[in-house]
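J.: Pasting a structure below so you can have a look.
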Amino acid sequence: MDINTIRKDFPILDQEVNGKPLVYLDTSATSQSPSQVIDAMNDYYQNYNSNVHRGVHTLGTKATDAYEQARMKVRGFINAQRYEEIIFTRGTTSAINLVARSFGEENVSEGDDIVVTAVEHHANIVPWQELAKRKKANLVFIPLEADGTIKLENVEAVMSDRTKIVALTHVSNVLGTINDIKSIAEIVHSHGAYIAVDGAQAVPHMSVDVQDLDVDFYAFSGHKMLGPTGIGVLYGKADLLDNMEPIEYGGDMIDFVDLRESTWTDLPVKFEAGTPMIAEAIGLSAAIDYINEVGADEILRYEQELVKYAYDKMSQIEGIEIYGPREERAGLITFNLDGVHPHDLATALDSDGVAVRAGHHCAQPLMKFLEVSSTARASFYLYNTKDEIDYFIDSLERTKEFFTHEF
Amino acid sequence: MNFNNLNQLYRSVIMDHYKNPRNKGVLEEGTMTVDMNNPTCGDAIRLTLDVQDDIVRDAKFDGEGCSISLSSASMMTEAIKGKSLEEALGMSEEFSKMMLGEDYDIPEEYGDIEALSGVSQFPARIKCATLTWKALEKGVKGSGQ
């Protein structure tokens, strides 16, 4: 992988922010798109913009082909067994809500357990809180280790006959912890329960094989993997999806509509009411091509090199606290600098052209666990460089100096 | 140092209020308590006021936040003490105008709050500065809890 070639594919990175070269370290919030993705979407809008699954004209056929090819591309990318198992959604949040509102609604009853963790992004905790409330079910939390990792015996310990569904993240968007989903899925299934995984921070950065993991549901977003916003994927095992009710009704998802009664069409369109995100699916498909071309394993290797480099340098800064494990961490580092509120830190870095995230990262229960109200986070992707990390560290040092000695 | 533009935002009077907050705490005898969160960042503030005959007799704030949100709260509690609720709301309006970069009228007797004028150049931080004022407005207009 040649970093200089890669950077040329991302025109957005070649700009100044506040008079300094942009250093974009906020990929975990949203990644940048290469020209190939933007061009693919432009091509659709300029040459064959049309609705899908309707009509017989040429553009419509072309659009339908591109949309369904995108689905095939996703299937191959995560190694789903069948294309019908790939449901396009607005993003990870919509995908998880779909599972909670449909599968959860039908399979969880009063007194049942829904198992989650305190590490979850709000998108993978609030839908389950609401389901638990609707069903008078219990929300059970897998205990965490001090560094936020999850021990398999602690998963085993919370499982019971009452457990219906276990929802957890593959990679934490705050701690960078990588959960052993395959082993956890095995435990969950041995208790006759189902597992739904938030893969938003995993799929962009490592090879994911849903059959190998043997997960029942797996959700992720396009915009965190070089693709556009407004598109995500819900993978579900076909036999489960087949028996689930849609949560949205309307065009495209019907089989036959009569005055008072209607029937639903087959998977996957049963869950895609209305005109879908056509350009976005095409953009996601181009993003997958890009990742495949560089190689998911190569991206992971490079990111690991970056995060190790950054961790070693950052951990030498006096007064810094880094959250999560040192080893086996995904390409992000969440931290606090003593005496500098993360917001002030992010503003100072921004004035130096460095974009980081500051706040609770949509993980308020985890902030509580860490006993902080907010944190700062730097996250890395295939387009970042060690030079950028050096510049970021230098800016961090100067920020610390500014807030501790200037006043 | 290489942070010239930052000095426009983080003026020493702001950092002084941040590091040595005035009126920090909770008024045990308060007549009005307002809790306000900034959901985008997790900052939270509790404002307690002692209002008698529509006059703010005393004001305190408590909570967690960045230098901008906490210094703003410190400055505001200083400014509104002894003022009528109407005056306090008027002050809040002028403060909003200042944040939006519009013409505003903030007399000297309002204390240090004008020091935050630089925030208008940092749109992502305006919500930090206005959090405490939103709490005041919520308390006064909703008559508090």
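A note on labels: chains of the structure tokens are A, B, ... as shown, every chain counts residues from 1, and ligands are counted from 1 in their shown order.
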Taking only C-alpha atoms into account, what are the residues of chain A at most 12 Å from chain B, put as an MDAnalysis selection string?
T.: chainID A and resid 18:20 339:353 357:368 372:376 394:395 397:407
J.: Just the residues within 12 Å of Lys164 (chain A), please, counting only C-alpha atoms, with nothing from its chain fewer than 4 positions along; format it as a PyMOL selection string.
T.: chain A and resi 100+103-116+128+132+137-140+158-160+188-196
J.: Using the chain letters and numbers from this document, which residues of region 106-213 of chain A does DSSP assign to strand (DSSP E or B), as a ChimeraX atom specification?
T.: /A:113-116,138-141,163-169,171,177-178,194-198
J.: Residues of region 94-114 of chain B that approach region 129-132 of chain B to 9 Å or less, counting only C-alpha atoms: could you list each one with the shortest pair of atoms and its distance in Å to one decimal, rows by chain and increasing residue number, as JSON lines?
T.:
```
{"residue": "B:Phe95", "atom": "CA", "partner": "B:Thr130", "partner_atom": "CA", "distance": 8.0}
{"residue": "B:Ser96", "atom": "CA", "partner": "B:Thr130", "partner_atom": "CA", "distance": 7.3}
{"residue": "B:Met99", "atom": "CA", "partner": "B:Thr130", "partner_atom": "CA", "distance": 8.2}
```
J.: If we count only C-alpha atoms, what is near Tyr309 (chain A) at a cut-off of 10 Å, once residues fewer than 6 positions away on the same chain are taken out, given as a ChimeraX atom specification?
T.: /A:303,386,389-390
J.: Restricted to N, CA, C and O atoms, what would the selected residues look like written as a PDB file, in the first residue's frame?
T.:
```pdb
ATOM      1  N   GLU A 303      -3.152   0.466   9.940  1.00  0.00           N
ATOM      2  CA  GLU A 303      -3.783   1.170  11.067  1.00  0.00           C
ATOM      3  C   GLU A 303      -3.159   0.782  12.400  1.00  0.00           C
ATOM      4  O   GLU A 303      -3.003   1.608  13.288  1.00  0.00           O
ATOM      5  N   LYS A 386       2.202   8.973   9.619  1.00  0.00           N
ATOM      6  CA  LYS A 386       2.958   9.195  10.853  1.00  0.00           C
ATOM      7  C   LYS A 386       3.321  10.671  11.001  1.00  0.00           C
ATOM      8  O   LYS A 386       3.393  11.184  12.117  1.00  0.00           O
ATOM      9  N   ILE A 389       0.573  12.294  12.672  1.00  0.00           N
ATOM     10  CA  ILE A 389       0.547  11.978  14.105  1.00  0.00           C
ATOM     11  C   ILE A 389       1.593  12.819  14.852  1.00  0.00           C
ATOM     12  O   ILE A 389       1.313  13.352  15.926  1.00  0.00           O
ATOM     13  N   ASP A 390       2.759  12.977  14.252  1.00  0.00           N
ATOM     14  CA  ASP A 390       3.788  13.837  14.859  1.00  0.00           C
ATOM     15  C   ASP A 390       3.256  15.257  15.056  1.00  0.00           C
ATOM     16  O   ASP A 390       3.453  15.871  16.101  1.00  0.00           O
TER      17      ASP A 390
END
```
J.: Quick one: residues within 9 Å of region 28-38 of chain B, only C-alpha atoms counted, chain neighbours fewer than 3 positions away excluded, as a list in words?
T.: Cys41, Gly42, Asp43, Ala44, Ile45, Arg46, Leu47, Thr48, Leu49, Asp50, Val51, Gln52, Asp58, Ala59, Lys60, Lys127, Cys128, Leu131, Thr132, Lys134, Ala135, Leu136, Lys138, Gly139, Val140, Ser143, Gly144 and Gln145 of chain B
J.: Per DSSP on the backbone, filter region 183-351 of chain A down to the residues in alpha helix (DSSP H) and report them as an NGL selection string.
T.: :A and (183-190 or 210-213 or 238-242 or 278-294 or 296-314 or 342-351)
J.: Rounded to one decimal place, report the CA of His121 (chain A)-CA of Thr92 (chain A) distance in Å.
T.: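 Between CA of His121 (chain A) and CA of Thr92 (chain A) the gap works out to 10.6 Å.
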J.: Using only C-alpha atoms, which residues sit within 12 Å of Glu114 (chain B) once same-chain residues fewer than 2 positions away are excluded, as a PyMOL selection string?
T.: chain B and resi 9+11+13-14+71-72+75-76+79+91-92+94-99+104-112+116-120+129
J.: Would you kindly return, as a list in words, each protein, DNA or RNA residue with an atom no farther than 8 Å from any atom of Ser172 (chain A), considering only C-alpha atoms and excluding same-chain residues fewer than 5 positions away?
T.: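 Counting only C-alpha atoms, the residues come to Val119, Glu120, His121, Thr177, Ile178 and Gln201 of chain A.
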J.: Would you mind listing what lies within 8 Å of Trp264 (chain A) as a ChimeraX atom specification, with only C-alpha atoms counted and same-chain residues fewer than 6 positions away left out?
T.: /A:253-256,270
J.: Would you mind exporting the chosen residues as an mmCIF file, in the first residue's frame, restricted to N, CA and C atoms?
T.:
```
data_model
loop_
_atom_site.group_PDB
_atom_site.id
_atom_site.type_symbol
_atom_site.label_atom_id
_atom_site.label_comp_id
_atom_site.auth_asym_id
_atom_site.auth_seq_id
_atom_site.Cartn_x
_atom_site.Cartn_y
_atom_site.Cartn_z
ATOM 1 N N MET A 253 -42.308 -2.778 -0.991
ATOM 2 C CA MET A 253 -42.186 -3.912 -0.064
ATOM 3 C C MET A 253 -43.418 -4.827 -0.087
ATOM 4 N N ILE A 254 -44.384 -4.486 -0.944
ATOM 5 C CA ILE A 254 -45.618 -5.262 -0.952
ATOM 6 C C ILE A 254 -45.575 -6.381 -1.995
ATOM 7 N N ASP A 255 -46.411 -7.368 -1.757
ATOM 8 C CA ASP A 255 -46.616 -8.415 -2.751
ATOM 9 C C ASP A 255 -47.882 -8.082 -3.513
ATOM 10 N N PHE A 256 -48.959 -7.845 -2.753
ATOM 11 C CA PHE A 256 -50.230 -7.468 -3.357
ATOM 12 C C PHE A 256 -51.008 -6.600 -2.367
ATOM 13 N N LYS A 270 -38.671 -6.733 1.418
ATOM 14 C CA LYS A 270 -39.716 -6.670 2.459
ATOM 15 C C LYS A 270 -39.384 -5.604 3.508
#
```
